[in-house]
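Undergrad: Quick one: the structure is below, and I'll ask about it shortly.
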Amino acid sequence: MNDTVLSVRDLSVAYGQTRAVRGVSFELGRGQVLGIAGESGCGKSTLAYAINRLLQPPGRTTSGEVAFHPKDGDPIDVLALEGEELRRFRWRRVAMVFQSAMNALNPVLSVRRQLHDVFTTHEPSMSRREREERSRELLELVGIDPGRIGAYPHELSGGMRQRVLIAMAMALNPDVVVLDEPTTALDVVVQRDILEEIDRLREMFGFAVVFITHDLSLLLEISDHLAIMYGGRIVEYGTSKDTLLQPRHPYTVGLLNSFPSLRGERQALHGIPGSPPDLSKELTGCSFAPRCPYAFEGCHTHEPELDSIQDSLVACLQYDRRLHPARPDRRLRERRFDHADHEVIS
Amino acid sequence: MAYLWRKLGFYAVALWAALTINFLIPRLIRGNPVDIILSRFQTRQPPPPEFRKALEVMFGVSHDPLWVQYFAYLRQLATGNLGTSVTYYPAPVGTVIGQAMPWTLGLVSIALLITVGLGVGLGMVAGWRRGSWLDGLIPTTTFLAAIPYFWLALLLLFFLGAGLGWFPLNGAYDYAHVRMGFTGDFIGSVLCHGALPALTLVISGIAGWLLGMRNMMVSTMAEDYVVMAQAKGLRPRRVMVAYAARNAVLPNVTGFAIMLGFFVGGQVATEVVFSYPGVGFALLQAVGSADYPLMQGLFLIISVAVLAANFLVDLLYGLIDPRVRKAG
């Protein structure tokens with residue numbers, strides 16, 4: 001079964017003058033995991049918020065569409081939902097696990113109250129007893145002693161809070177779960193547990209996942225497809241396998257070279273010098289060009305489109321036969337990302 | 001329960017300290033009324049010791065060691081004896097305060113509850129619907145709060161009381177025509193007389209609560225747990241009350257505690273302008289006629305009331321913020 005559960009087309013989001021997300025499109029298959037990676041400020045969290053209509057003013061979607069496809073029935077135009085319809089859509093269709101478990105739980109309400117809240121609003125017919133039973137089941141599901149249900153958030157460890165958030169996201173058996181940097185605030189051991197937890201639950205319930213993180217190494221493990229974002233756009237999209245084995249976009253190459261591979265050969269690690277573009281200014285050309293070792297003249301004047309190269313989609317003029325008739329740079333094909341080298345040669 | 005005991009222990013110590021300071025301060029003041037009176041006779045022959053003795057008994061000056069006086073003072077407090085008022089001689093201080101306190105408590109607590117309830121409620125909605133017409137209330141109420149209170153009270157008294165005749169001009173009830181007691185006439189008269197003083201208190205006090213609550217709401221609404229509550233598809237009212245306002249109100253509770261302290265001491269200006277027979281009015285009388293026993297008694301009651309109010313708010317705080325229960 002490979003039908004689509006969520007499709008986003010040409011979505012743009014702006015905070016006043018700042019265009020945080022610029023024309024992003026992707027499709028999420030039922031039960032699939034889509035990883036979205038990029039640096040801080042590349043628009044990945046904004047994208048997640050926009051999908052669930054959680055943008056706070058002055059943030060707003062300026063164009064595009066988000067369609068949700070229920071298993072049965074007609075697609076739902078998410079951006080057109082209002083009031084009660086929107087309220088009912090949230091959490092039942094798309095649930096979310098927030099970035100910082102520290103702040104995502106209300107500090108003055110017990111875990112019980114916060115779990116019950118989901119049922120009282122979405123399942124008004126449930127009795128108090130049933131709500132309690134379901135809430136305890138959920139905690140047990142994520143490996144928390146149901147006896148802790150009366151605890152307040154400050155009485156739980158960071159990892160436990162994150163588990164509570166995940167349990168809460170499972171409450172209504174949603175079709176899509178958006179995970180916004182769910183492991184960023186946790187140490188690596190706990191990160192691992194949480195990832196395995198998510199994977200286990202996904203197999204159990206079959207929900208699709210949008211997994212957002214700046215940690216590309218995490219995504220390669222758990223996602224089916226991978227979208228690399230830079231400057232508010234998707235610059236490379238493909239299966240995780242393709243992206244890992246054959247990254248095309250210089251930015252992806254840079255990201256992959258910035259963390260060590262456990263089994264691969266020993267090599268020097270490189271960061272990506274420079275900083276992300278200022279999205280409040282009008283950009284001409286490729287937004288990555290100023291930091292790109294392979295940028296040529298055309299990159300500063302033409303904005304690359306997302307074009308398919310074999311099975312992947314890449315937005316890079318190195319692969320554009322009209323502007324760059326030669327083959328892509330040899331070092332890029334060799335997956336090297338090295339400014340110093342580049343400067344010596346040119 | 002441990003929280004309650006710890007708090008009780010703390011307040012017991014605070015109460016003891018307040019009582020002791022109240023005992024020490026008058027005794028640390030150099031000279032005493034007896035010396036002052038005797039000095040007037042200095043030019044003539046020295047006064048007979050019996051005369052001095054008589055004055056000392058009259059003003060309660062003692063030559064016992066301090067600790068003996070201290071225990072005598074505590075014993076007197078335990079029996080509720082605060083001494084005799086000079087102004088209202090021969091009424092005991094306890095009786096004077098006992099008569100003034102209900103008026104102050106009634107007026108001030110009702111006015112305070114209305115102020116806080118209205119201010120926090122409107123502030124909550126104004127913060128929730130930031131940018132709506134409710135934001136326009138803020139400059140208006142701040143302007144009203146900026147008017148010196150006694151002048152605002154006089155203006156309202158002049159226009160609404162004297163001019164339009166909607167409200168009586170002074171007193172706590174119609175002394176001439178109504179007898180004190182649980183009758184409809186009496187209660188109606190009390191409400192009618194209390195309305196204008198209460199109104200001025202509300203008008204002058206509401207701005208701080210409104211502004212404080214609105215701004216706390218705005219910053220709380222940016223918290224992840226509020227966004228999360230929205231993502232959970234909760235009803236907007238539930239998000240506003242249980243997730244945003246519940247957290248935004250915490251600093252206001254502290255403000256409320258501080259406020260209570262000031263209020264129990266009597267709103268001197270209000271009570272003077274409206275000749276309201278409360279604690280503030282009695283305090284003014286005591287200061288005006290150098291009535292030390294009455295002053296000491298009032299200060300004692302005020303400090304005890306401040307402690308009691310803070311204790312209540314501490315309990316309330318523990319109830320609404322679970323983090324406080326565990327801490328220290």
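Residues in the structure tokens are numbered from 1 in each chain, the chains being A, B, ... in the order shown, and ligands are numbered from 1 in the order shown.
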Pick out the chain B residues within 6 Å of chain A. Count only C-alpha atoms. Give them as JSON, numbers by chain.

TA: {"B": [224, 225, 231, 232, 233, 234, 321, 322]}

Undergrad: Might you pull out every residue within 12 Å of A:Ala167, with only C-alpha atoms counted and same-chain residues fewer than 3 positions away left off, and present them as a PyMOL selection string?

TA: chain A and resi 95-97+111-112+114-116+118+134-144+146+149+160-164+170-174+177+194+197-198+201

Undergrad: Pick out the closest residue to B:Ile203 from this set: B:Ile147, B:Ala17, B:Val218, B:Leu164. Count only C-alpha atoms.

TA: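 Counting only C-alpha atoms, the residue closest to B:Ile203 is B:Ile147.
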
Undergrad: Based on the backbone DSSP call, show me all residues of stretch 67-313 of chain A assigned alpha helix (DSSP H), as a ChimeraX atom specification.

TA: /A:83-89,101-104,111-122,128-141,158-170,188-205,216-222,240-245,250-256

Undergrad: Using only C-alpha atoms, determine which residues lie at most 6 Å from stretch 274-286 of chain B, disregarding the query and same-chain residues fewer than 6 positions distant; provide the list as number ranges by chain.

TA: B: 100-101, 103-104, 170-172, 266-268, 295

Undergrad: Please dump the current selection as a JSON list (two decimals), in the first residue's frame; keep N, CA and C atoms.

TA:
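That gives us out_15.json:
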```json
[["chain", "number", "residue", "atom", "x", "y", "z"],
["B", 100, "ALA", "N", -13.94, 49.08, 64.21],
["B", 100, "ALA", "CA", -13.50, 49.63, 62.91],
["B", 100, "ALA", "C", -13.25, 48.53, 61.89],
["B", 101, "MET", "N", -12.75, 47.38, 62.37],
["B", 101, "MET", "CA", -12.28, 46.35, 61.45],
["B", 101, "MET", "C", -13.33, 45.82, 60.48],
["B", 103, "TRP", "N", -15.79, 47.18, 59.08],
["B", 103, "TRP", "CA", -16.07, 48.12, 57.98],
["B", 103, "TRP", "C", -14.96, 48.08, 56.94],
["B", 104, "THR", "N", -13.73, 48.12, 57.44],
["B", 104, "THR", "CA", -12.60, 48.08, 56.51],
["B", 104, "THR", "C", -12.58, 46.76, 55.74],
["B", 170, "ASN", "N", -21.19, 60.56, 52.99],
["B", 170, "ASN", "CA", -20.22, 60.03, 53.94],
["B", 170, "ASN", "C", -20.85, 58.99, 54.86],
["B", 171, "GLY", "N", -19.99, 58.37, 55.67],
["B", 171, "GLY", "CA", -20.47, 57.38, 56.63],
["B", 171, "GLY", "C", -20.56, 56.00, 56.04],
["B", 172, "ALA", "N", -20.84, 55.04, 56.92],
["B", 172, "ALA", "CA", -20.93, 53.66, 56.48],
["B", 172, "ALA", "C", -22.39, 53.26, 56.27],
["B", 266, "GLY", "N", -6.14, 49.29, 56.01],
["B", 266, "GLY", "CA", -7.13, 50.33, 55.80],
["B", 266, "GLY", "C", -6.66, 51.27, 54.72],
["B", 267, "GLN", "N", -7.58, 51.65, 53.85],
["B", 267, "GLN", "CA", -7.24, 52.63, 52.85],
["B", 267, "GLN", "C", -7.46, 53.98, 53.50],
["B", 268, "VAL", "N", -6.38, 54.56, 54.04],
["B", 268, "VAL", "CA", -6.53, 55.78, 54.83],
["B", 268, "VAL", "C", -7.22, 56.87, 54.01],
["B", 295, "MET", "N", -2.43, 53.35, 68.46],
["B", 295, "MET", "CA", -1.51, 53.14, 67.33],
["B", 295, "MET", "C", -0.84, 51.77, 67.42]]
```

Undergrad: If you run DSSP over the backbone, which residues in stretch 28-252 of chain A end up strand (DSSP E or B)? Put them as JSON, numbers by chain.

TA: {"A": [28, 29, 33, 34, 35, 36, 37, 59, 60, 61, 62, 63, 64, 65, 66, 67, 68, 76, 77, 90, 94, 95, 96, 97, 176, 177, 178, 179, 180, 208, 209, 210, 211, 212, 213, 225, 226, 227, 228, 229, 230, 233, 234, 235, 236, 237, 238, 239]}

Undergrad: Keeping only C-alpha atoms, write the selected residues as a CSV table (one decimal), in the first residue's frame.

TA:
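Produced file result28.csv, reproduced below:
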```
chain,number,residue,atom,x,y,z
A,28,LEU,CA,4.0,11.6,2.3
A,29,GLY,CA,3.0,8.0,1.8
A,33,VAL,CA,8.8,8.1,7.3
A,34,LEU,CA,9.8,11.4,5.7
A,35,GLY,CA,12.9,13.0,7.2
A,36,ILE,CA,13.4,16.7,6.9
A,37,ALA,CA,16.9,17.9,7.6
A,59,GLY,CA,3.6,34.0,10.6
A,60,ARG,CA,1.1,33.0,7.7
A,61,THR,CA,1.0,30.8,4.7
A,62,THR,CA,1.3,33.0,1.6
A,63,SER,CA,0.6,30.4,-1.0
A,64,GLY,CA,0.4,26.7,-1.8
A,65,GLU,CA,-1.9,23.9,-0.5
A,66,VAL,CA,-1.8,21.2,2.0
A,67,ALA,CA,-4.1,18.2,1.4
A,68,PHE,CA,-4.8,15.4,3.8
A,76,ILE,CA,-9.3,17.6,3.1
A,77,ASP,CA,-8.0,21.0,2.2
A,90,ARG,CA,-5.9,18.5,14.8
A,94,VAL,CA,-2.1,15.0,12.5
A,95,ALA,CA,-0.5,14.8,15.9
A,96,MET,CA,2.7,16.5,16.8
A,97,VAL,CA,5.6,15.8,19.2
A,176,VAL,CA,0.4,11.4,10.6
A,177,VAL,CA,2.7,12.2,13.5
A,178,VAL,CA,5.0,15.2,13.0
A,179,LEU,CA,8.1,15.0,15.2
A,180,ASP,CA,9.8,18.3,15.5
A,208,ALA,CA,3.2,8.1,8.8
A,209,VAL,CA,5.9,10.2,10.2
A,210,VAL,CA,7.4,13.6,9.3
A,211,PHE,CA,10.6,13.6,11.3
A,212,ILE,CA,12.3,17.0,11.5
A,213,THR,CA,15.9,17.3,12.8
A,225,HIS,CA,12.6,9.4,2.2
A,226,LEU,CA,14.7,12.4,2.9
A,227,ALA,CA,14.2,16.1,2.2
A,228,ILE,CA,17.2,18.4,2.7
A,229,MET,CA,16.1,22.0,3.3
A,230,TYR,CA,18.2,25.1,2.8
A,233,ARG,CA,13.5,25.4,0.1
A,234,ILE,CA,14.0,21.7,-0.4
A,235,VAL,CA,17.3,21.4,-2.2
A,236,GLU,CA,17.4,17.6,-2.4
A,237,TYR,CA,14.8,14.9,-2.1
A,238,GLY,CA,15.2,11.2,-2.5
A,239,THR,CA,15.1,7.9,-0.7
```

Undergrad: Can you tell me, as a CSV table (one decimal) with C-alpha atoms, in the first residue's frame, what residues are no more than 10 Å from stretch 115-132 of chain B when counting only C-alpha atoms, ignoring any on the same chain fewer than 6 positions away?

TA:
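Produced file around20.csv, reproduced below:
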```csv
chain,number,residue,atom,x,y,z
B,109,SER,CA,-12.3,42.9,50.5
B,138,ILE,CA,-5.4,49.9,28.8
B,141,THR,CA,-7.5,52.6,32.9
B,198,ALA,CA,-15.6,50.8,46.4
B,199,LEU,CA,-16.1,52.2,43.0
B,201,LEU,CA,-11.0,51.8,44.7
B,202,VAL,CA,-11.8,49.7,41.7
B,203,ILE,CA,-11.3,52.5,39.2
B,204,SER,CA,-8.0,53.5,40.5
B,205,GLY,CA,-6.7,50.0,41.1
B,206,ILE,CA,-7.8,48.1,38.0
B,207,ALA,CA,-5.1,49.3,35.5
B,208,GLY,CA,-2.2,47.4,37.1
B,209,TRP,CA,-4.0,44.1,37.1
B,210,LEU,CA,-5.3,44.5,33.6
B,211,LEU,CA,-2.0,45.5,32.1
B,212,GLY,CA,0.0,42.9,34.1
B,213,MET,CA,-2.3,40.1,33.2
B,214,ARG,CA,-2.6,41.0,29.6
B,215,ASN,CA,1.2,41.1,29.2
B,216,MET,CA,1.7,37.9,31.0
B,217,MET,CA,-0.9,36.3,28.8
B,218,VAL,CA,0.9,37.5,25.7
B,219,SER,CA,4.2,36.0,26.8
B,220,THR,CA,2.6,32.8,28.1
B,221,MET,CA,0.9,32.3,24.8
B,236,PRO,CA,-10.1,27.7,22.5
B,237,ARG,CA,-11.7,28.4,25.8
B,239,VAL,CA,-6.6,26.5,26.0
B,240,MET,CA,-7.1,30.1,27.2
B,241,VAL,CA,-8.1,29.3,30.7
B,244,ALA,CA,-2.5,30.2,29.1
B,245,ALA,CA,-4.2,32.0,31.9
B,246,ARG,CA,-3.5,29.4,34.6
B,248,ALA,CA,-0.1,33.8,33.4
B,249,VAL,CA,-1.9,34.4,36.6
B,252,ASN,CA,-0.6,38.2,39.9
B,253,VAL,CA,-1.1,36.0,42.9
B,256,PHE,CA,-2.4,40.0,45.3
```

Undergrad: Fewer than 4 positions away in the same chain doesn't count, so skip those; otherwise give me all residues within 10 Å of A:Asp187, counting only C-alpha atoms, as a PDB file with C-alpha atoms, in the first residue's frame.

TA:
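This is the output file part_0.pdb:
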```pdb
ATOM      1  CA  GLY A 158      13.667  14.817  30.161  1.00  0.00           C
ATOM      2  CA  GLY A 159      13.417  11.413  28.521  1.00  0.00           C
ATOM      3  CA  THR A 183      15.472  14.108  20.511  1.00  0.00           C
ATOM      4  CA  GLN A 191      17.898   9.561  21.934  1.00  0.00           C
ATOM      5  CA  ARG A 192      18.429   6.002  20.843  1.00  0.00           C
TER       6      ARG A 192
END
```

Undergrad: Find the distance between atom CA of B:Val93 and atom CA of B:Leu294 and write it in Å to one decimal.

TA: 5.5 Å
